[in-house]
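Down below is the structure, laid out as structure tokens.
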Amino acid sequence: MKKLSARRRHPLAAVVVLLLALAATGGLYAAFAPAGKAQADETAQSLAIDEGKKLYTVGCASCHGTGGQGTTDGPSLVGVGSAAVDFQVGTGRMPAQQPGAQVPKKPVIYTQAEIDQLAAYVASLGAGPITPTDKQVDPAGADVAKGGELFRNNCAQCHNFTGKGGALTKGKYAPDLEGVSPKHIYEAMQTGPQSMPSFPDTTMPEQEKKDIIAYIQTVNGSESASPGGLALGGLGPVSEGLFAWIFGLGALVAVAIWVAAHTAKAKKS
Amino acid sequence: MSTATTNPPADQAGQRKAPAGERVADWADGRLGIYGLAKANMRKIFPDHWSFMLGEVALYSFIIIILTGVYLTLFFQPSMTEVVYHGPYEPMQGIRMSEAYASTLKISFEVRGGLLVRQIHHWGALIFLAAMFVHMCRVFFTGAFRKPREVNWVFGFLLFVLGMFTGFTGYSLPDDLLSGTGVRFTQGAILSVPIVGTYISMFLFGGEFPGHDFVARFYSIHILLLPGIMLGLLVAHLILVFYHKHTQFAGPGRTNKNVVGMPLLPVYMAKAGGFFFLVFGIIAIISAIATINPIWALGPYRPDQVSTGAQPDWYMGFAEGLVRVMPGWEINFWGHTLNLGVFIPLVLFGLVLSLPAVYPFVESWITGDKREHHILDRPRNAPTRTALGVAWITAYFIGLVGGGNDLWATHFHLSLNAISWFVRIFFFAGPVIAFIVTKRICLGLQRRDRDKVLHGRETGIIKRLPHGEFVEIHEPLSPGQLHTLTAHEQYKPVELGPEVDENGVKRKISPVQKLRAKLSKGYYGENNQIAKPTAEEYKEISEGHGHH
Ligand code: HEM
């Protein structure tokens, strides 16, 4: 007994307990799970979880704790779901680097296969939003106009009319949504990263999410039409005002100087 | 031709057959007296300087705005009746919107040339106000507002302020989410006025905001009331420019009593006509290449929606900035709320904006200068005025920075809160710093002018004297340059007079007079201008030990 209570404080104790627990759950699962095809899926799944756990221990545990329980450097990941991991790692936000007002996007350092494994592991810690399938996020056939209305209702107050981004307090910001993949838009709505509220399927059904994705892609993509000419960043009156002063008035003053310099001088005539 | 013989003069005219143009002119003169007018004005002289053309830029952009505005009225529906959109713009299909918004979409996507005209109208508006702004700066910094032109300065000032509100009402017409947010903001500002605020708001919007009336009301104000007043003011402004004659910079042959330049006809008219087309061309090119106010991307206004990055056009950005950075103070008493967070910015906006209007009167009171001025000051020769002007502009632009605080935050990776604090502090500190720095610079330039007059221009040529010393050759200025650099008058500050009168009794000096004397020192006191060289000083130096 004494031996055990001494070892309980060993740094690896948590890992051992966790492994035991996992082994137990896995064993129980294997015992009770239906046989056949499902079993093959399950083994693939548990393989992914194992691989994910390895990646997690190396890349994430320092901040999120060895069992995803969270530390002072990062929140608990129990119950955030695979969608959160797919979003956070898939957009390069995780693994986070230096502390700041908001964890920024960076180049993605994991392959999609590794991200799936990480997601599988984190999902195994507790149920949460599940990574959407390609079909779920496909905006084809969605109602762009309705998406626009939903976007202005739910998102524009932080992300601007067409998703060009905007400032929040104390150096936080809602990013420009140009070039964000449909899957990541969907997941952002599901999980509500950082200061963003989440829009779960209960309040915003799948179809509405598709409409929003279609709208963002129509008005804020690299191929979005700008019928009036240069869009000037789509930022509204501030960039328009700067443009009017610098190029409009600038050109007019230049012309005025030119005209005044090319004059029929009174003394010559 | 008439065959009647009862009217010999007509007959004679018929025989002589004057050229058609002359006959038309004769006809018009008989009825309008144009010969007299033309004789008085055709040879009116206009001096030449690029900065004198800024007012013209404003005039021409105003004309362009009126012309394009008339085209827009042909298609715009100033109505808030709700309709469902079924036009060609896909992302708006089936959306409910007001007729005003729907007709603006129609102007943009269905009316031939509609989008271009809309963009010319709006870019023209931004440029019109910017041109008025710099035109006012030119007039201010050269002292052209002094007697006899104070009233014309006030006319110009009113044109700027009315232009702001014309622009604001026009910007609100399409009833899109961006401008609707701006109208909401304005309504909030109106509501913050104690006692009468709610009444004014109910009156203006015909009930609760937004109601069903404001677009139609703003429409009358935008296309009729304000442009009408502005047109009247503009004509008065131009008549006064003619009547007073144009000011000019000092130079050889230019006095307070003459104007040196080109005659109105033909030279100036030809130039002005050409310049009109240049202005039109530039505004048209800008409108053809750059979008302004893409209302289709903004969506129709709905009171339950709002977007970040909602700013007014630049000329209202100063007001926006003041409200954005003001702490949300509030006083509650007996069930009433005084919303200082909005009311104080509103008052500040009015105060800061009206300072330029009263400045000419204040300056002439302080300096006691009641004479006519037709020769312009170089800004450096009026350091205190120049510094005050720069201080005002600094406050104005700091306010503008506050108006765009969210964009500076996202684009320069700054904290929104830090920008608000910057604006709060520098709205007050900035003008003081600008005042001090500008004054130093002006005095420095005055000193340089003095040096130049006394010692000539530095040529950059170094000469070695026989005994080994190196000297730079200074070239004396031409008489013309000498005149230009020394033409300005220098004034003495207002004196309070002796403290006791001839009987040794202490004279009564009112605090107002004391203040005035103090302020006057601020303009013309010892440290506030550099004495320009006198003729004796010049002689002594140029004849005495020569240049070195
Ligand atoms: C000082 C003069 C004026 C200024 C600064 C001004 C400014 C503006 C602005 C900024 C807009 C918003 C345009 C947009 O982006 O949709 C607008 C709209 C409009 N203006 Fe003016 N305007 C002026 C005079 C006039 C005049 C004289 C008329 C008519 C005779 C006029 C007719 C209109 C109409 C019909 C619209 C709404 C159409 C639309 O928004 O597409 N404006 N104006």
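Scheme for the structure tokens: letters A, B, ... for chains in order shown; per-chain residue numbers from 1; ligand numbers from 1 in order shown.
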Residue neighbourhood range 403-416 of chain B, 9 Å, only C-alpha atoms, exclusion window fewer than 2 positions, as a short mmCIF file (atom, residue, chain, number, x, y, z; two decimals) with C-alpha atoms, in the first residue's frame:
data_model
loop_
_atom_site.label_atom_id
_atom_site.label_comp_id
_atom_site.auth_asym_id
_atom_site.auth_seq_id
_atom_site.Cartn_x
_atom_site.Cartn_y
_atom_site.Cartn_z
CA ALA A 101 -3.93 38.89 -27.67
CA GLY A 165 -12.57 41.30 -41.06
CA GLY A 166 -12.76 43.78 -38.23
CA ALA A 167 -11.21 44.81 -34.94
CA LEU A 168 -12.31 43.62 -31.51
CA THR A 169 -11.11 45.03 -28.20
CA LYS A 170 -7.53 44.91 -26.91
CA GLY A 171 -5.78 43.78 -30.06
CA LYS A 172 -8.18 40.94 -30.81
CA TYR A 173 -9.70 40.76 -34.24
CA ALA A 174 -12.12 38.85 -36.42
CA PRO A 175 -10.08 37.77 -39.44
CA LEU A 235 -13.20 48.41 -46.38
CA VAL A 238 -12.04 55.01 -44.85
CA THR B 308 -18.21 46.29 -38.20
CA GLY B 309 -16.17 48.83 -40.16
CA GLN B 311 -17.84 54.60 -41.14
CA PRO B 312 -19.30 57.73 -42.69
CA TRP B 314 -14.48 61.25 -44.70
CA MET B 316 -18.16 63.25 -41.29
CA GLY B 317 -15.33 61.10 -39.95
CA PHE B 318 -14.32 63.77 -37.47
CA ALA B 319 -17.69 63.48 -35.71
CA GLU B 320 -17.51 59.71 -35.84
CA GLY B 321 -14.08 59.78 -34.26
CA LEU B 322 -15.15 61.99 -31.38
CA VAL B 323 -18.00 59.64 -30.52
CA ARG B 324 -15.88 56.53 -30.90
CA VAL B 325 -13.20 57.59 -28.45
CA ILE B 398 -6.66 63.21 -35.00
CA GLY B 399 -10.47 63.04 -34.89
CA LEU B 400 -10.41 61.38 -38.30
CA VAL B 401 -7.92 58.82 -37.01
CA ALA B 418 -4.57 51.86 -27.41
CA ILE B 419 -5.77 53.87 -30.43
CA SER B 420 -8.68 55.27 -28.45
CA TRP B 421 -6.29 56.43 -25.76
#
Counting only C-alpha atoms and all ligand atoms, what are the residues, protein, DNA or RNA alike, that approach ligand 1 to within 7 Å? I want them as a compact mmCIF listing (two decimals) with all heavy atoms, in the first residue's frame.
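Okay, this is what ended up in pocket.txt:
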# COMPACT_ATOMS: atom_id res chain seq x y z
N PHE B 62 -18.57 70.68 -57.96
CA PHE B 62 -19.96 70.95 -57.60
C PHE B 62 -20.85 70.86 -58.83
O PHE B 62 -21.91 70.23 -58.82
CB PHE B 62 -20.06 72.34 -56.95
CG PHE B 62 -21.44 72.70 -56.44
CD1 PHE B 62 -22.08 71.89 -55.51
CD2 PHE B 62 -22.08 73.85 -56.88
CE1 PHE B 62 -23.35 72.23 -55.04
CE2 PHE B 62 -23.35 74.19 -56.41
CZ PHE B 62 -23.98 73.38 -55.48
N ILE B 65 -21.30 67.33 -59.78
CA ILE B 65 -22.22 66.63 -58.89
C ILE B 65 -23.67 66.97 -59.24
O ILE B 65 -24.54 66.10 -59.23
CB ILE B 65 -21.93 67.00 -57.42
CG1 ILE B 65 -20.54 66.54 -57.02
CG2 ILE B 65 -22.93 66.36 -56.50
CD1 ILE B 65 -20.13 67.06 -55.66
N ILE B 66 -23.91 68.23 -59.54
CA ILE B 66 -25.29 68.61 -59.87
C ILE B 66 -25.74 67.88 -61.15
O ILE B 66 -26.82 67.31 -61.21
CB ILE B 66 -25.41 70.13 -60.04
CG1 ILE B 66 -25.19 70.80 -58.68
CG2 ILE B 66 -26.79 70.51 -60.60
CD1 ILE B 66 -25.37 72.29 -58.70
N GLY B 69 -26.20 64.28 -60.44
CA GLY B 69 -27.32 64.12 -59.52
C GLY B 69 -28.64 64.19 -60.26
O GLY B 69 -29.57 63.41 -59.98
N VAL B 70 -28.74 65.10 -61.22
CA VAL B 70 -30.00 65.20 -61.98
C VAL B 70 -30.25 63.88 -62.72
O VAL B 70 -31.37 63.36 -62.72
CB VAL B 70 -29.93 66.38 -62.97
CG1 VAL B 70 -31.11 66.34 -63.93
CG2 VAL B 70 -29.90 67.69 -62.21
N LEU B 72 -29.32 60.95 -61.76
CA LEU B 72 -29.75 59.93 -60.79
C LEU B 72 -31.21 60.09 -60.40
O LEU B 72 -31.92 59.11 -60.18
CB LEU B 72 -28.85 60.00 -59.54
CG LEU B 72 -27.41 59.58 -59.74
CD1 LEU B 72 -26.59 59.82 -58.48
CD2 LEU B 72 -27.34 58.10 -60.13
N THR B 73 -31.68 61.36 -60.32
CA THR B 73 -33.09 61.56 -59.92
C THR B 73 -34.04 60.90 -60.91
O THR B 73 -35.17 60.58 -60.56
CB THR B 73 -33.47 63.05 -59.84
OG1 THR B 73 -33.26 63.62 -61.12
CG2 THR B 73 -32.67 63.79 -58.81
N PHE B 76 -33.97 57.15 -59.44
CA PHE B 76 -34.00 56.85 -58.02
C PHE B 76 -35.42 56.99 -57.47
O PHE B 76 -36.13 57.92 -57.80
CB PHE B 76 -33.05 57.79 -57.27
CG PHE B 76 -32.99 57.54 -55.80
CD1 PHE B 76 -32.38 56.40 -55.31
CD2 PHE B 76 -33.57 58.42 -54.90
CE1 PHE B 76 -32.33 56.15 -53.95
CE2 PHE B 76 -33.53 58.18 -53.54
CZ PHE B 76 -32.91 57.04 -53.07
N THR B 104 -31.58 51.84 -56.26
CA THR B 104 -30.14 52.08 -56.36
C THR B 104 -29.45 50.86 -56.97
O THR B 104 -28.52 51.01 -57.77
CB THR B 104 -29.53 52.42 -54.98
OG1 THR B 104 -30.36 53.39 -54.35
CG2 THR B 104 -28.15 52.98 -55.14
N ILE B 107 -30.12 51.26 -60.58
CA ILE B 107 -29.22 52.25 -61.19
C ILE B 107 -27.86 51.60 -61.44
O ILE B 107 -27.24 51.77 -62.48
CB ILE B 107 -29.07 53.48 -60.29
CG1 ILE B 107 -30.38 54.26 -60.23
CG2 ILE B 107 -27.94 54.38 -60.77
CD1 ILE B 107 -30.37 55.41 -59.25
N ARG B 118 -23.35 57.07 -60.86
CA ARG B 118 -23.40 57.00 -59.39
C ARG B 118 -22.01 57.20 -58.81
O ARG B 118 -21.81 57.91 -57.83
CB ARG B 118 -23.91 55.62 -58.95
CG ARG B 118 -25.28 55.64 -58.29
CD ARG B 118 -25.54 54.33 -57.58
NE ARG B 118 -24.88 54.35 -56.29
CZ ARG B 118 -24.21 53.34 -55.77
NH1 ARG B 118 -24.11 52.20 -56.43
NH2 ARG B 118 -23.65 53.44 -54.61
N GLN B 119 -21.04 56.54 -59.43
CA GLN B 119 -19.68 56.64 -58.89
C GLN B 119 -19.11 58.02 -59.11
O GLN B 119 -18.39 58.55 -58.25
CB GLN B 119 -18.80 55.53 -59.47
CG GLN B 119 -19.37 54.16 -59.13
CD GLN B 119 -18.36 53.01 -59.14
OE1 GLN B 119 -18.41 52.17 -58.29
NE2 GLN B 119 -17.47 52.98 -60.11
N HIS B 121 -20.87 60.73 -59.15
CA HIS B 121 -21.57 61.56 -58.17
C HIS B 121 -20.90 61.42 -56.79
O HIS B 121 -20.68 62.42 -56.11
CB HIS B 121 -23.03 61.14 -58.10
CG HIS B 121 -23.94 62.09 -57.36
ND1 HIS B 121 -24.30 63.31 -57.85
CD2 HIS B 121 -24.57 61.98 -56.17
CE1 HIS B 121 -25.11 63.93 -56.98
NE2 HIS B 121 -25.28 63.14 -55.94
N HIS B 122 -20.60 60.20 -56.43
CA HIS B 122 -20.06 59.99 -55.08
C HIS B 122 -18.58 60.37 -54.98
O HIS B 122 -18.16 61.04 -54.06
CB HIS B 122 -20.29 58.53 -54.66
CG HIS B 122 -20.33 58.36 -53.17
ND1 HIS B 122 -21.13 57.46 -52.55
CD2 HIS B 122 -19.65 58.98 -52.18
CE1 HIS B 122 -20.95 57.54 -51.23
NE2 HIS B 122 -20.04 58.45 -50.99
N ALA B 125 -18.41 63.94 -54.87
CA ALA B 125 -18.76 64.51 -53.57
C ALA B 125 -17.54 64.50 -52.64
O ALA B 125 -17.24 65.49 -51.97
CB ALA B 125 -19.91 63.74 -52.94
N PHE B 128 -15.15 67.07 -53.97
CA PHE B 128 -15.70 68.41 -53.76
C PHE B 128 -15.37 68.89 -52.35
O PHE B 128 -14.85 70.00 -52.15
CB PHE B 128 -17.22 68.34 -53.98
CG PHE B 128 -17.99 69.58 -53.64
CD1 PHE B 128 -17.60 70.82 -54.13
CD2 PHE B 128 -19.14 69.51 -52.86
CE1 PHE B 128 -18.34 71.96 -53.82
CE2 PHE B 128 -19.87 70.64 -52.55
CZ PHE B 128 -19.47 71.87 -53.02
N GLY B 163 -22.14 71.51 -47.51
CA GLY B 163 -21.67 70.40 -48.34
C GLY B 163 -21.58 69.12 -47.52
O GLY B 163 -21.95 68.04 -47.98
N MET B 164 -21.11 69.25 -46.28
CA MET B 164 -21.04 68.08 -45.40
C MET B 164 -22.43 67.45 -45.25
O MET B 164 -22.59 66.23 -45.33
CB MET B 164 -20.54 68.49 -44.02
CG MET B 164 -19.08 68.77 -43.93
SD MET B 164 -18.63 69.51 -42.34
CE MET B 164 -19.27 68.33 -41.18
N THR B 166 -25.15 67.97 -47.12
CA THR B 166 -25.69 67.48 -48.39
C THR B 166 -25.12 66.09 -48.66
O THR B 166 -25.84 65.17 -49.05
CB THR B 166 -25.33 68.42 -49.54
OG1 THR B 166 -25.52 69.76 -49.13
CG2 THR B 166 -26.18 68.13 -50.76
N GLY B 167 -23.82 65.98 -48.45
CA GLY B 167 -23.19 64.68 -48.67
C GLY B 167 -23.79 63.63 -47.75
O GLY B 167 -24.11 62.52 -48.18
N PHE B 168 -23.96 63.99 -46.51
CA PHE B 168 -24.50 63.02 -45.55
C PHE B 168 -25.90 62.57 -45.93
O PHE B 168 -26.22 61.37 -45.90
CB PHE B 168 -24.49 63.62 -44.14
CG PHE B 168 -25.21 62.76 -43.15
CD1 PHE B 168 -24.64 61.59 -42.69
CD2 PHE B 168 -26.48 63.10 -42.72
CE1 PHE B 168 -25.31 60.77 -41.80
CE2 PHE B 168 -27.17 62.29 -41.84
CZ PHE B 168 -26.59 61.12 -41.37
N GLY B 170 -27.23 62.60 -48.89
CA GLY B 170 -27.17 61.82 -50.12
C GLY B 170 -26.70 60.40 -49.86
O GLY B 170 -27.25 59.42 -50.37
N TYR B 171 -25.69 60.31 -49.01
CA TYR B 171 -25.11 59.02 -48.65
C TYR B 171 -26.17 58.13 -47.97
O TYR B 171 -26.12 56.91 -48.06
CB TYR B 171 -23.94 59.35 -47.74
CG TYR B 171 -23.32 58.29 -46.88
CD1 TYR B 171 -22.29 57.50 -47.38
CD2 TYR B 171 -23.71 58.12 -45.56
CE1 TYR B 171 -21.68 56.57 -46.56
CE2 TYR B 171 -23.09 57.20 -44.75
CZ TYR B 171 -22.09 56.42 -45.26
OH TYR B 171 -21.49 55.50 -44.45
N SER B 172 -27.15 58.75 -47.32
CA SER B 172 -28.19 57.98 -46.63
C SER B 172 -29.31 57.54 -47.56
O SER B 172 -30.11 56.68 -47.18
CB SER B 172 -28.80 58.82 -45.51
OG SER B 172 -27.79 59.34 -44.70
N LEU B 173 -29.40 58.12 -48.74
CA LEU B 173 -30.55 57.84 -49.60
C LEU B 173 -30.68 56.38 -50.02
O LEU B 173 -31.78 55.84 -50.00
CB LEU B 173 -30.51 58.73 -50.85
CG LEU B 173 -30.79 60.21 -50.61
CD1 LEU B 173 -30.74 60.97 -51.93
CD2 LEU B 173 -32.15 60.41 -49.95
N PRO B 174 -29.58 55.70 -50.41
CA PRO B 174 -29.77 54.33 -50.91
C PRO B 174 -30.33 53.38 -49.84
O PRO B 174 -30.72 52.27 -50.17
CB PRO B 174 -28.37 53.90 -51.35
CG PRO B 174 -27.63 55.16 -51.57
CD PRO B 174 -28.18 56.13 -50.59
N HIS B 222 -31.82 66.73 -49.78
CA HIS B 222 -30.58 66.48 -50.53
C HIS B 222 -30.60 67.08 -51.93
O HIS B 222 -29.60 67.59 -52.39
CB HIS B 222 -30.32 64.98 -50.62
CG HIS B 222 -29.10 64.63 -51.41
ND1 HIS B 222 -27.83 64.84 -50.92
CD2 HIS B 222 -28.94 64.15 -52.66
CE1 HIS B 222 -26.95 64.48 -51.83
NE2 HIS B 222 -27.59 64.06 -52.90
N ILE B 223 -31.72 66.98 -52.61
CA ILE B 223 -31.67 67.45 -54.00
C ILE B 223 -32.21 68.86 -54.16
O ILE B 223 -32.00 69.48 -55.19
CB ILE B 223 -32.41 66.49 -54.96
CG1 ILE B 223 -33.91 66.55 -54.74
CG2 ILE B 223 -31.91 65.07 -54.84
CD1 ILE B 223 -34.65 65.97 -55.92
N LEU B 224 -32.93 69.37 -53.18
CA LEU B 224 -33.58 70.66 -53.37
C LEU B 224 -33.07 71.69 -52.37
O LEU B 224 -32.44 72.68 -52.74
CB LEU B 224 -35.09 70.48 -53.19
CG LEU B 224 -35.98 71.34 -54.06
CD1 LEU B 224 -35.68 71.05 -55.51
CD2 LEU B 224 -37.44 71.05 -53.76
N PRO B 227 -28.82 71.89 -51.88
CA PRO B 227 -28.16 72.38 -53.10
C PRO B 227 -28.66 73.76 -53.51
O PRO B 227 -27.90 74.58 -54.02
CB PRO B 227 -28.53 71.33 -54.16
CG PRO B 227 -28.90 70.13 -53.41
CD PRO B 227 -29.48 70.60 -52.11
N ILE B 292 -16.95 52.94 -55.51
CA ILE B 292 -17.24 53.67 -54.28
C ILE B 292 -18.62 53.25 -53.82
O ILE B 292 -19.53 53.07 -54.62
CB ILE B 292 -17.14 55.19 -54.48
CG1 ILE B 292 -17.23 55.89 -53.13
CG2 ILE B 292 -18.17 55.73 -55.45
CD1 ILE B 292 -16.68 57.28 -53.12
N ASN B 293 -18.74 53.03 -52.53
CA ASN B 293 -20.00 52.66 -51.93
C ASN B 293 -20.71 51.52 -52.70
O ASN B 293 -21.77 51.74 -53.28
CB ASN B 293 -20.91 53.89 -51.86
CG ASN B 293 -22.00 53.72 -50.82
OD1 ASN B 293 -21.91 52.85 -49.97
ND2 ASN B 293 -23.04 54.53 -50.89
At a cut-off of 10 Å, using only C-alpha atoms, what residues contact Ile109 in chain A? Leave out same-chain residues fewer than 6 positions from it and give the result as an mmCIF file with N, CA, C and O atoms, in the first residue's frame.
data_model
loop_
_atom_site.group_PDB
_atom_site.id
_atom_site.type_symbol
_atom_site.label_atom_id
_atom_site.label_comp_id
_atom_site.auth_asym_id
_atom_site.auth_seq_id
_atom_site.Cartn_x
_atom_site.Cartn_y
_atom_site.Cartn_z
ATOM 1 N N VAL A 89 -5.877 23.186 -35.966
ATOM 2 C CA VAL A 89 -4.619 22.729 -36.536
ATOM 3 C C VAL A 89 -4.628 22.928 -38.051
ATOM 4 O O VAL A 89 -3.620 23.283 -38.655
ATOM 5 N N GLY A 90 -5.810 22.747 -38.656
ATOM 6 C CA GLY A 90 -5.916 22.857 -40.117
ATOM 7 C C GLY A 90 -5.736 24.276 -40.622
ATOM 8 O O GLY A 90 -5.398 24.491 -41.791
ATOM 9 N N THR A 91 -6.007 25.302 -39.777
ATOM 10 C CA THR A 91 -5.762 26.682 -40.207
ATOM 11 C C THR A 91 -4.420 27.181 -39.683
ATOM 12 O O THR A 91 -4.083 28.352 -39.838
ATOM 13 N N GLY A 92 -3.661 26.296 -39.027
ATOM 14 C CA GLY A 92 -2.327 26.692 -38.566
ATOM 15 C C GLY A 92 -2.338 27.459 -37.259
ATOM 16 O O GLY A 92 -1.310 27.999 -36.860
ATOM 17 N N ARG A 93 -3.482 27.556 -36.598
ATOM 18 C CA ARG A 93 -3.475 28.281 -35.313
ATOM 19 C C ARG A 93 -2.736 27.453 -34.251
ATOM 20 O O ARG A 93 -1.980 27.981 -33.454
ATOM 21 N N MET A 94 -3.002 26.142 -34.244
ATOM 22 C CA MET A 94 -2.352 25.246 -33.298
ATOM 23 C C MET A 94 -1.284 24.468 -34.034
ATOM 24 O O MET A 94 -1.472 24.124 -35.194
ATOM 25 N N PRO A 95 -0.179 24.136 -33.434
ATOM 26 C CA PRO A 95 0.194 24.497 -32.077
ATOM 27 C C PRO A 95 0.523 25.976 -31.944
ATOM 28 O O PRO A 95 1.229 26.524 -32.787
ATOM 29 N N ILE A 115 -3.596 15.457 -38.911
ATOM 30 C CA ILE A 115 -4.631 16.253 -38.245
ATOM 31 C C ILE A 115 -5.811 15.351 -37.882
ATOM 32 O O ILE A 115 -6.361 15.429 -36.781
#
Practice prompt. If you run DSSP over the backbone, which residues in range 14-235 of chain A end up strand (DSSP E)? Put them as a PyMOL selection string.
Written response: chain A and resi 166-167+173-174
I need the residues from that last selection saved to file as a PDB file, in the first residue's frame (with all heavy atoms), if you can.
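Here's the written file selection30.pdb:
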ATOM      1  N   GLY A 166     -12.557  42.575 -39.031  1.00  0.00           N
ATOM      2  CA  GLY A 166     -12.757  43.777 -38.230  1.00  0.00           C
ATOM      3  C   GLY A 166     -12.042  43.651 -36.909  1.00  0.00           C
ATOM      4  O   GLY A 166     -11.567  42.579 -36.537  1.00  0.00           O
ATOM      5  N   ALA A 167     -11.950  44.791 -36.201  1.00  0.00           N
ATOM      6  CA  ALA A 167     -11.215  44.813 -34.936  1.00  0.00           C
ATOM      7  C   ALA A 167     -12.149  44.493 -33.778  1.00  0.00           C
ATOM      8  O   ALA A 167     -13.312  44.863 -33.790  1.00  0.00           O
ATOM      9  CB  ALA A 167     -10.586  46.178 -34.731  1.00  0.00           C
ATOM     10  N   TYR A 173      -9.120  40.392 -32.957  1.00  0.00           N
ATOM     11  CA  TYR A 173      -9.704  40.761 -34.243  1.00  0.00           C
ATOM     12  C   TYR A 173     -10.453  39.581 -34.824  1.00  0.00           C
ATOM     13  O   TYR A 173     -10.153  38.430 -34.530  1.00  0.00           O
ATOM     14  CB  TYR A 173      -8.613  41.202 -35.218  1.00  0.00           C
ATOM     15  CG  TYR A 173      -7.550  40.148 -35.416  1.00  0.00           C
ATOM     16  CD1 TYR A 173      -7.664  39.209 -36.439  1.00  0.00           C
ATOM     17  CD2 TYR A 173      -6.466  40.047 -34.554  1.00  0.00           C
ATOM     18  CE1 TYR A 173      -6.719  38.219 -36.603  1.00  0.00           C
ATOM     19  CE2 TYR A 173      -5.516  39.051 -34.702  1.00  0.00           C
ATOM     20  CZ  TYR A 173      -5.647  38.136 -35.732  1.00  0.00           C
ATOM     21  OH  TYR A 173      -4.721  37.145 -35.887  1.00  0.00           O
ATOM     22  N   ALA A 174     -11.460  39.879 -35.637  1.00  0.00           N
ATOM     23  CA  ALA A 174     -12.121  38.846 -36.424  1.00  0.00           C
ATOM     24  C   ALA A 174     -11.461  38.867 -37.790  1.00  0.00           C
ATOM     25  O   ALA A 174     -11.416  39.901 -38.441  1.00  0.00           O
ATOM     26  CB  ALA A 174     -13.611  39.146 -36.544  1.00  0.00           C
TER      27      ALA A 174
END
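Taking CA of Val83 in chain B and CA of Pro139 in chain A as the two end points, the separation is 27.2 Å.
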Near Val144 in chain A, within 7 Å and counting only C-alpha atoms, which residues show up once chain neighbours fewer than 3 positions away are dropped, as a PDB file with N, CA and C atoms, in the first residue's frame?
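around.pdb, written as the output of this step:
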ATOM      1  N   GLY A 147     -27.967  33.314 -47.516  1.00  0.00           N
ATOM      2  CA  GLY A 147     -26.705  33.298 -46.789  1.00  0.00           C
ATOM      3  C   GLY A 147     -26.242  34.707 -46.450  1.00  0.00           C
ATOM      4  N   GLY A 148     -26.442  35.624 -47.405  1.00  0.00           N
ATOM      5  CA  GLY A 148     -26.055  37.012 -47.161  1.00  0.00           C
ATOM      6  C   GLY A 148     -26.831  37.588 -45.997  1.00  0.00           C
ATOM      7  N   ASP A 211     -25.541  27.977 -46.775  1.00  0.00           N
ATOM      8  CA  ASP A 211     -25.888  29.247 -47.409  1.00  0.00           C
ATOM      9  C   ASP A 211     -24.829  30.308 -47.092  1.00  0.00           C
ATOM     10  N   ALA A 214     -21.724  29.690 -49.026  1.00  0.00           N
ATOM     11  CA  ALA A 214     -21.907  30.103 -50.427  1.00  0.00           C
ATOM     12  C   ALA A 214     -21.794  31.619 -50.537  1.00  0.00           C
ATOM     13  N   TYR A 215     -22.381  32.328 -49.567  1.00  0.00           N
ATOM     14  CA  TYR A 215     -22.321  33.794 -49.627  1.00  0.00           C
ATOM     15  C   TYR A 215     -20.881  34.283 -49.505  1.00  0.00           C
TER      16      TYR A 215
ATOM     17  N   PRO B  91     -26.752  37.687 -55.589  1.00  0.00           N
ATOM     18  CA  PRO B  91     -26.742  37.567 -54.117  1.00  0.00           C
ATOM     19  C   PRO B  91     -27.837  38.365 -53.402  1.00  0.00           C
TER      20      PRO B  91
END
Item to complete: Kindly determine which residues of chain A lie within 8 Å of chain B, considering only C-alpha atoms, and give the answer as a PyMOL selection string.
Response: chain A and resi 144-146+148-149+152-153+156-162+166-173+215+218-219+226-232+235-238+240-241+244-245+248-249+251-253+255-261+264-266
Item to complete: Just the residues within 8 Å of range 125-133 of chain A, please, counting only C-alpha atoms, with nothing from its chain fewer than 5 positions along; format it as number ranges by chain.
Response: A: 67-68, 77-84, 86, 183, 186-187, 190-191
Discussion item. Run DSSP on the backbone and tell me which residues of range 27-245 of chain A come out as helix (DSSP H, G or I); list them as a ChimeraX atom specification.
Written reply: /A:27-32,37-59,61-64,81-90,112-125,134-137,144-154,156-159,169-171,182-191,206-219,232-234,237-245
Discussion item. So that I can see what lies close to Gly143 in chain B, please list as a count of residues only the residues with an atom at most 7 Å from it, counting only C-alpha atoms and leaving out residues fewer than 4 positions away in the same chain.
Written reply: 3
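For the pair CA of Thr181 in chain B and CA of Tyr301 in chain B, the separation is 7.7 Å.
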